[in-house]
$ cat my_file28.tsv   # TSV, N, CA and C atoms
chain	number	residue	atom	x	y	z
A	1	MET	N	-2.20	-17.96	2.65
A	1	MET	CA	-3.00	-16.76	2.55
A	1	MET	C	-4.47	-17.09	2.83
A	2	LEU	N	-5.09	-16.20	3.54
A	2	LEU	CA	-6.50	-16.37	3.85
A	2	LEU	C	-7.40	-16.03	2.68
A	3	PHE	N	-6.93	-15.18	1.78
A	3	PHE	CA	-7.75	-14.78	0.65
A	3	PHE	C	-6.84	-14.41	-0.52
A	4	ASP	N	-7.42	-14.43	-1.72
A	4	ASP	CA	-6.66	-14.09	-2.92
A	4	ASP	C	-7.30	-12.87	-3.56
A	5	ILE	N	-6.55	-11.80	-3.61
A	5	ILE	CA	-7.05	-10.59	-4.27
A	5	ILE	C	-6.11	-10.20	-5.41
A	6	ALA	N	-5.46	-11.20	-5.98
A	6	ALA	CA	-4.53	-10.96	-7.09
A	6	ALA	C	-5.23	-10.21	-8.21
A	7	GLY	N	-4.56	-9.17	-8.68
A	7	GLY	CA	-5.09	-8.39	-9.79
A	7	GLY	C	-6.09	-7.32	-9.40
A	8	LYS	N	-6.54	-7.31	-8.17
A	8	LYS	CA	-7.47	-6.28	-7.70
A	8	LYS	C	-6.68	-5.01	-7.37
A	9	VAL	N	-7.37	-3.88	-7.35
A	9	VAL	CA	-6.74	-2.60	-7.02
A	9	VAL	C	-7.33	-2.09	-5.72
A	10	ALA	N	-6.45	-1.64	-4.81
A	10	ALA	CA	-6.89	-1.12	-3.51
A	10	ALA	C	-6.27	0.24	-3.27
A	11	LEU	N	-7.10	1.22	-2.92
A	11	LEU	CA	-6.63	2.53	-2.50
A	11	LEU	C	-6.70	2.54	-0.98
A	12	ILE	N	-5.55	2.68	-0.34
A	12	ILE	CA	-5.49	2.63	1.11
A	12	ILE	C	-5.00	3.98	1.61
A	13	THR	N	-5.89	4.71	2.27
A	13	THR	CA	-5.52	6.03	2.77
A	13	THR	C	-4.77	5.90	4.09
A	14	GLY	N	-3.90	6.85	4.35
A	14	GLY	CA	-3.11	6.81	5.57
A	14	GLY	C	-2.20	5.60	5.63
A	15	SER	N	-1.69	5.20	4.48
A	15	SER	CA	-0.99	3.92	4.42
A	15	SER	C	0.53	4.01	4.48
A	16	SER	N	1.07	5.17	4.81
A	16	SER	CA	2.53	5.26	4.88
A	16	SER	C	3.07	4.79	6.23
A	17	ARG	N	2.19	4.60	7.22
A	17	ARG	CA	2.64	4.12	8.53
A	17	ARG	C	1.48	3.49	9.29
A	18	GLY	N	1.81	2.82	10.37
A	18	GLY	CA	0.80	2.27	11.27
A	18	GLY	C	-0.08	1.20	10.66
A	19	ILE	N	-1.34	1.22	11.04
A	19	ILE	CA	-2.31	0.22	10.59
A	19	ILE	C	-2.47	0.26	9.07
A	20	GLY	N	-2.53	1.46	8.50
A	20	GLY	CA	-2.66	1.59	7.05
A	20	GLY	C	-1.51	0.95	6.31
A	21	ARG	N	-0.31	1.12	6.83
A	21	ARG	CA	0.87	0.49	6.22
A	21	ARG	C	0.76	-1.03	6.28
A	22	ALA	N	0.37	-1.56	7.43
A	22	ALA	CA	0.23	-3.01	7.58
A	22	ALA	C	-0.81	-3.55	6.60
A	23	ILE	N	-1.90	-2.84	6.43
A	23	ILE	CA	-2.94	-3.27	5.49
A	23	ILE	C	-2.39	-3.27	4.06
A	24	ALA	N	-1.69	-2.20	3.68
A	24	ALA	CA	-1.13	-2.11	2.34
A	24	ALA	C	-0.15	-3.25	2.08
A	25	GLU	N	0.69	-3.54	3.06
A	25	GLU	CA	1.66	-4.63	2.90
A	25	GLU	C	0.97	-5.98	2.75
A	26	ARG	N	-0.04	-6.25	3.55
A	26	ARG	CA	-0.76	-7.53	3.46
A	26	ARG	C	-1.52	-7.65	2.14
A	27	TYR	N	-2.16	-6.57	1.70
A	27	TYR	CA	-2.87	-6.61	0.41
A	27	TYR	C	-1.89	-6.92	-0.73
A	28	ALA	N	-0.73	-6.26	-0.71
A	28	ALA	CA	0.27	-6.51	-1.75
A	28	ALA	C	0.76	-7.95	-1.69
A	29	GLU	N	0.97	-8.48	-0.49
A	29	GLU	CA	1.38	-9.88	-0.35
A	29	GLU	C	0.33	-10.82	-0.93
A	30	ALA	N	-0.94	-10.42	-0.86
A	30	ALA	CA	-2.02	-11.24	-1.40
A	30	ALA	C	-2.20	-11.02	-2.90
A	31	GLY	N	-1.34	-10.18	-3.50
A	31	GLY	CA	-1.35	-10.00	-4.95
A	31	GLY	C	-2.07	-8.78	-5.46
A	32	ALA	N	-2.56	-7.94	-4.58
A	32	ALA	CA	-3.27	-6.73	-5.02
A	32	ALA	C	-2.29	-5.65	-5.48
A	33	ASN	N	-2.78	-4.78	-6.32
A	33	ASN	CA	-2.06	-3.58	-6.69
A	33	ASN	C	-2.57	-2.49	-5.75
A	34	VAL	N	-1.68	-1.88	-4.98
A	34	VAL	CA	-2.10	-0.93	-3.96
A	34	VAL	C	-1.62	0.48	-4.27
A	35	THR	N	-2.44	1.44	-3.89
A	35	THR	CA	-2.04	2.84	-3.96
A	35	THR	C	-1.74	3.30	-2.54
A	36	ILE	N	-0.52	3.70	-2.32
A	36	ILE	CA	-0.08	4.19	-1.02
A	36	ILE	C	-0.40	5.68	-0.97
A	37	SER	N	-1.19	6.09	0.01
A	37	SER	CA	-1.62	7.47	0.07
A	37	SER	C	-1.51	8.02	1.49
A	38	SER	N	-0.87	9.17	1.60
A	38	SER	CA	-0.82	9.94	2.84
A	38	SER	C	-0.43	11.36	2.45
A	39	ARG	N	-0.28	12.23	3.42
A	39	ARG	CA	0.04	13.63	3.11
A	39	ARG	C	1.48	13.83	2.68
A	40	LYS	N	2.38	12.94	3.04
A	40	LYS	CA	3.80	13.12	2.75
A	40	LYS	C	4.26	12.24	1.59
A	41	ALA	N	4.62	12.90	0.49
A	41	ALA	CA	5.01	12.19	-0.73
A	41	ALA	C	6.21	11.28	-0.50
A	42	ASP	N	7.23	11.76	0.24
A	42	ASP	CA	8.43	10.94	0.42
A	42	ASP	C	8.14	9.65	1.17
A	43	ALA	N	7.24	9.69	2.14
A	43	ALA	CA	6.88	8.48	2.89
A	43	ALA	C	6.11	7.52	1.98
A	44	CYS	N	5.25	8.05	1.14
A	44	CYS	CA	4.49	7.21	0.20
A	44	CYS	C	5.43	6.52	-0.79
A	45	GLU	N	6.35	7.29	-1.33
A	45	GLU	CA	7.28	6.76	-2.32
A	45	GLU	C	8.20	5.71	-1.71
A	46	ALA	N	8.63	5.92	-0.48
A	46	ALA	CA	9.52	4.94	0.18
A	46	ALA	C	8.81	3.61	0.38
A	47	LEU	N	7.57	3.65	0.85
A	47	LEU	CA	6.84	2.40	1.06
A	47	LEU	C	6.52	1.72	-0.27
A	48	ALA	N	6.13	2.49	-1.27
A	48	ALA	CA	5.84	1.91	-2.58
A	48	ALA	C	7.08	1.19	-3.14
A	49	ALA	N	8.23	1.82	-3.01
A	49	ALA	CA	9.48	1.20	-3.49
A	49	ALA	C	9.77	-0.08	-2.72
A	50	GLU	N	9.54	-0.05	-1.42
A	50	GLU	CA	9.77	-1.25	-0.59
A	50	GLU	C	8.84	-2.39	-1.03
A	51	ILE	N	7.57	-2.10	-1.21
A	51	ILE	CA	6.61	-3.12	-1.63
A	51	ILE	C	6.96	-3.64	-3.02
A	52	ASN	N	7.28	-2.74	-3.96
A	52	ASN	CA	7.63	-3.17	-5.32
A	52	ASN	C	8.89	-4.02	-5.34
A	53	GLY	N	9.79	-3.77	-4.41
A	53	GLY	CA	11.03	-4.55	-4.34
A	53	GLY	C	10.82	-5.98	-3.88
A	54	ARG	N	9.69	-6.24	-3.25
A	54	ARG	CA	9.39	-7.59	-2.76
A	54	ARG	C	8.90	-8.52	-3.86
A	55	GLY	N	8.39	-7.97	-4.96
A	55	GLY	CA	7.96	-8.78	-6.09
A	55	GLY	C	6.57	-9.36	-5.99
A	56	LYS	N	5.80	-8.99	-4.98
A	56	LYS	CA	4.42	-9.46	-4.87
A	56	LYS	C	3.51	-8.24	-4.91
A	57	GLY	N	2.57	-8.21	-5.82
A	57	GLY	CA	1.72	-7.04	-5.95
A	57	GLY	C	2.52	-5.86	-6.45
A	58	LYS	N	1.82	-4.79	-6.74
A	58	LYS	CA	2.46	-3.57	-7.20
A	58	LYS	C	1.98	-2.43	-6.33
A	59	ALA	N	2.81	-1.42	-6.19
A	59	ALA	CA	2.43	-0.27	-5.38
A	59	ALA	C	2.71	1.02	-6.14
A	60	LEU	N	1.82	1.96	-5.97
A	60	LEU	CA	1.93	3.28	-6.56
A	60	LEU	C	1.80	4.30	-5.45
A	61	ALA	N	2.68	5.28	-5.42
A	61	ALA	CA	2.62	6.32	-4.38
A	61	ALA	C	1.81	7.51	-4.89
A	62	HIS	N	0.95	8.03	-4.00
A	62	HIS	CA	0.17	9.21	-4.35
A	62	HIS	C	-0.08	10.03	-3.08
A	63	ALA	N	0.59	11.16	-2.97
A	63	ALA	CA	0.40	12.02	-1.80
A	63	ALA	C	-0.92	12.76	-1.92
A	64	ALA	N	-1.71	12.73	-0.86
A	64	ALA	CA	-3.01	13.41	-0.86
A	64	ALA	C	-3.49	13.60	0.57
A	65	SER	N	-4.23	14.66	0.77
A	65	SER	CA	-4.89	14.89	2.05
A	65	SER	C	-6.38	14.73	1.81
A	66	ILE	N	-7.01	13.82	2.53
A	66	ILE	CA	-8.44	13.59	2.34
A	66	ILE	C	-9.29	14.25	3.42
A	67	SER	N	-8.63	15.13	4.21
A	67	SER	CA	-9.38	15.80	5.28
A	67	SER	C	-10.30	16.88	4.75
$ encode --input "my_file28.tsv" --output "structure tokens"
Amino acid sequence: MLFDIAGKVALITGSSRGIGRAIAERYAEAGANVTISSRKADACEALAAEINGRGKGKALAHAASIS
């Protein structure tokens, strides 16, 4: 790992797909607790469950529109 962010909390908007998803996954791998946020609750919940199943970092799903 290039950096250690274990125990830190990160809110990543637009994180259910694309670049946001990749960022959320890498932060969780580095030990951060991440909030998965996008407009679609089901997509957020699916990614949070996937990240939590890996056992590194924690993920919480929160559907929101920041526009």
$ atom_distance --input "my_file28.tsv" --atom1 "atom CA of Ile12 of chain A" --atom2 "atom N of Thr35 of chain A"
6.0 Å
$ closest_residue --input "my_file28.tsv" --among "A:Ile66, A:Ile51, A:Ala24, A:Leu60" --to "Arg39 of chain A" --atoms "only N, CA and C atoms"
A:Ile66
$ residues_near_point --input "my_file28.tsv" --point "(5.5, 4.2, -4.8)" --cutoff "8 Å" --atoms "only C-alpha atoms" --output "NGL selection string"
:A and (35-36 or 44-49 or 52 or 59-62)
$ residues_around --input "my_file28.tsv" --residues "segment 3-11 of chain A" --least-positions-apart "5" --cutoff "7 Å" --atoms "all atoms listed in the file" --output "PyMOL selection string"
chain A and resi 30-37
$ atom_distance --input "my_file28.tsv" --atom1 "atom CA of Gly55 of chain A" --atom2 "atom CA of Gly14 of chain A"
22.4 Å
$ select_by_dssp --input "my_file28.tsv" --residues "chain A" --states "strand (DSSP E or B)" --output "list in words"
Val9, Ala10, Leu11, Ile12, Thr13, Asn33, Val34, Thr35, Ile36, Ser37, Ser38, Lys58, Ala59, Leu60, Ala61, His62 and Ala63 of chain A
$ axis_aligned_box --input "my_file28.tsv" --around "segment 27-40 of chain A" --padding-each-side "6 Å" --output "lines of an AutoDock Vina configuration file"
center_x = 0.5
center_y = 1.3
center_z = -1.6
size_x = 19.5
size_y = 37.1
size_z = 22.1
$ atom_distance --input "my_file28.tsv" --atom1 "atom CA of Ser15 of chain A" --atom2 "atom CA of Ser65 of chain A"
11.9 Å
$ closest_residue --input "my_file28.tsv" --among "A:Gly57, A:Ala64, A:Arg21, A:Tyr27" --to "Lys40 of chain A" --atoms "all atoms listed in the file"
A:Ala64
